[in-house]
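K.L.:
One structure coming up, written as structure tokens, with questions to follow.
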Amino acid sequence: MPGEAPPQLPEDGPTELVEGNDGELVERLSGRTATLLLAWLIGVGAGSALLAAWLLAVLVLRVRLGTEHLFGAPGLYVSLYGATGPTVLWLTGRAQSRSLGWFMLTAAKIGLVMAAILIGGLLLVVMVMGAVLGGGALVVSFAVFGFTLAVSMLWALATWSADRYIATARIVSEGDQTS
């Protein structure tokens, strides 16, 4: 409305008002909040993927990975793979007052698609190289899907909690709501 004062947001809050392309005020995450959120989501995703890779190696493959594996080139790729899940989940459900159940279901879907791409890509590489799959390939595939489902629940909880924190930390004046 033309005569209304803009909503009041605290200086140190998670959001800020900026002028959009059409001249209207738009509420968005502050730079500080966006940076912290991205670090949180990447940290949760990368850390959980490294833990899942280590557990997969120990429990299924009977191999103990060292720091050179987890923090070297293979660990970098596993971390990037893991960091994708929570960030895609955040982009899918942010600021829409979604329930924890929605975040869990969507995280499971995202995780299963990521695991299918990983298994499919490995299968393609094996077939192109002319190698033969061993008897444990199916067990490893099921383990990857299982670990991914378990880790995706952690992604859901971390993303949902960040979304809830930002939603509850937003303060507007006199009951006025902005989105």
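A note on labels: chains of the structure tokens are A, B, ... as shown, every chain counts residues from 1, and ligands are counted from 1 in their shown order.
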Could you name the residues that touch range 98-112 of chain A at 7 Å or less, counting only C-alpha atoms, but leaving out those on the same chain fewer than 4 positions away, as a PyMOL selection string?

P.N.:
chain A and resi 85+89+93+116+145+148-149+152-153+155-156+160

K.L.:
Quick one: residues within 12 Å of range 48-51 of chain A, only C-alpha atoms counted, chain neighbours fewer than 3 positions away excluded, as a PyMOL selection string?

P.N.:
chain A and resi 40-45+54-59+65-67+69-72+74-86+111+114-115+144+147-155+158

K.L.:
Can you pull out every residue from chain A that DSSP, working from the backbone, puts in helix (DSSP H, G or I), and format the result as a ChimeraX atom specification?

P.N.:
/A:31-59,67-70,73-93,100-129,137-169,173-175

K.L.:
Quick one: pull the distance between CA of Ile117 in chain A and CA of Leu37 in chain A, Å, one decimal.

P.N.:
26.3 Å

K.L.:
Write out as a list in words the residues lying within 9 Å of Gly31 in chain A, counting only C-alpha atoms and excluding same-chain residues fewer than 2 positions away.

P.N.:
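Here the answer would be Pro14, Thr15, Glu16, Leu29, Thr33, Ala34, Thr35 and Leu36 of chain A.
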
K.L.:
Next, dump the selected residues to file, keeping only N, CA, C and O atoms, as a PDB file, in the first residue's frame.

P.N.:
ATOM      1  N   PRO A  14      18.179 -11.827  10.779  1.00  0.00           N
ATOM      2  CA  PRO A  14      18.640 -12.696   9.690  1.00  0.00           C
ATOM      3  C   PRO A  14      18.244 -12.205   8.302  1.00  0.00           C
ATOM      4  O   PRO A  14      18.736 -12.713   7.314  1.00  0.00           O
ATOM      5  N   THR A  15      17.353 -11.218   8.243  1.00  0.00           N
ATOM      6  CA  THR A  15      16.905 -10.728   6.937  1.00  0.00           C
ATOM      7  C   THR A  15      17.089  -9.221   6.852  1.00  0.00           C
ATOM      8  O   THR A  15      17.296  -8.543   7.858  1.00  0.00           O
ATOM      9  N   GLU A  16      16.995  -8.723   5.624  1.00  0.00           N
ATOM     10  CA  GLU A  16      17.098  -7.285   5.393  1.00  0.00           C
ATOM     11  C   GLU A  16      16.128  -6.915   4.278  1.00  0.00           C
ATOM     12  O   GLU A  16      15.737  -7.764   3.478  1.00  0.00           O
ATOM     13  N   LEU A  29      17.622 -12.750   2.791  1.00  0.00           N
ATOM     14  CA  LEU A  29      18.600 -13.066   3.821  1.00  0.00           C
ATOM     15  C   LEU A  29      19.711 -12.029   3.815  1.00  0.00           C
ATOM     16  O   LEU A  29      20.159 -11.594   2.748  1.00  0.00           O
ATOM     17  N   THR A  33      23.818 -13.835   7.361  1.00  0.00           N
ATOM     18  CA  THR A  33      22.991 -15.027   7.532  1.00  0.00           C
ATOM     19  C   THR A  33      23.199 -15.992   6.382  1.00  0.00           C
ATOM     20  O   THR A  33      23.314 -17.198   6.586  1.00  0.00           O
ATOM     21  N   ALA A  34      23.255 -15.478   5.164  1.00  0.00           N
ATOM     22  CA  ALA A  34      23.441 -16.338   3.989  1.00  0.00           C
ATOM     23  C   ALA A  34      24.784 -17.059   4.045  1.00  0.00           C
ATOM     24  O   ALA A  34      24.875 -18.253   3.738  1.00  0.00           O
ATOM     25  N   THR A  35      25.820 -16.355   4.471  1.00  0.00           N
ATOM     26  CA  THR A  35      27.144 -16.971   4.577  1.00  0.00           C
ATOM     27  C   THR A  35      27.157 -18.052   5.645  1.00  0.00           C
ATOM     28  O   THR A  35      27.669 -19.155   5.431  1.00  0.00           O
ATOM     29  N   LEU A  36      26.588 -17.748   6.805  1.00  0.00           N
ATOM     30  CA  LEU A  36      26.537 -18.728   7.883  1.00  0.00           C
ATOM     31  C   LEU A  36      25.686 -19.931   7.483  1.00  0.00           C
ATOM     32  O   LEU A  36      26.057 -21.082   7.741  1.00  0.00           O
TER      33      LEU A  36
END

K.L.:
Between A:Ala73, A:Ala46, A:Arg28, A:Thr87, which one has atoms that come closest to Ala162 in chain A, using only C-alpha atoms?

P.N.:
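Using only C-alpha atoms, the shortest distance to Ala162 in chain A belongs to A:Thr87.
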
K.L.:
Using DSSP on the backbone coordinates, identify all residues within chain A classified as strand (DSSP E or B); present the result as a compact mmCIF listing (two decimals) with N, CA, C and O atoms, in the first residue's frame.

P.N.:
# COMPACT_ATOMS: atom_id res chain seq x y z
N THR A 15 17.35 -11.22 8.24
CA THR A 15 16.90 -10.73 6.94
C THR A 15 17.09 -9.22 6.85
O THR A 15 17.30 -8.54 7.86
N GLU A 16 17.00 -8.72 5.62
CA GLU A 16 17.10 -7.29 5.39
C GLU A 16 16.13 -6.91 4.28
O GLU A 16 15.74 -7.76 3.48
N LEU A 17 15.74 -5.67 4.26
CA LEU A 17 14.86 -5.17 3.19
C LEU A 17 15.72 -4.50 2.13
O LEU A 17 16.57 -3.66 2.44
N VAL A 18 15.51 -4.90 0.90
CA VAL A 18 16.23 -4.29 -0.22
C VAL A 18 15.21 -3.92 -1.29
O VAL A 18 14.13 -4.50 -1.36
N GLU A 19 15.56 -2.97 -2.11
CA GLU A 19 14.66 -2.55 -3.17
C GLU A 19 14.81 -3.50 -4.36
O GLU A 19 15.92 -3.75 -4.83
N LEU A 25 9.93 -3.00 -1.93
CA LEU A 25 10.83 -3.55 -0.93
C LEU A 25 10.66 -5.06 -0.87
O LEU A 25 9.55 -5.58 -0.83
N VAL A 26 11.79 -5.77 -0.86
CA VAL A 26 11.79 -7.22 -0.82
C VAL A 26 12.65 -7.65 0.37
O VAL A 26 13.73 -7.08 0.59
N GLU A 27 12.16 -8.62 1.11
CA GLU A 27 12.93 -9.13 2.24
C GLU A 27 13.78 -10.30 1.75
O GLU A 27 13.30 -11.19 1.06
N ARG A 28 15.07 -10.28 2.09
CA ARG A 28 15.97 -11.37 1.73
C ARG A 28 16.93 -11.63 2.88
O ARG A 28 17.02 -10.84 3.83
N LEU A 29 17.62 -12.75 2.79
CA LEU A 29 18.60 -13.07 3.82
C LEU A 29 19.71 -12.03 3.81
O LEU A 29 20.16 -11.59 2.75

K.L.:
Excluding Gly136 in chain A and its own-chain neighbours fewer than 6 positions away, which residues fall within 12 Å of it when counting only C-alpha atoms? Please give them as a ChimeraX atom specification.

P.N.:
/A:60-62,142-143

K.L.:
Just the number, please: distance in Å from CA of Arg94 in chain A to CA of Ala53 in chain A, one decimal.

P.N.:
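Between CA of Arg94 in chain A and CA of Ala53 in chain A the gap is 27.9 Å.
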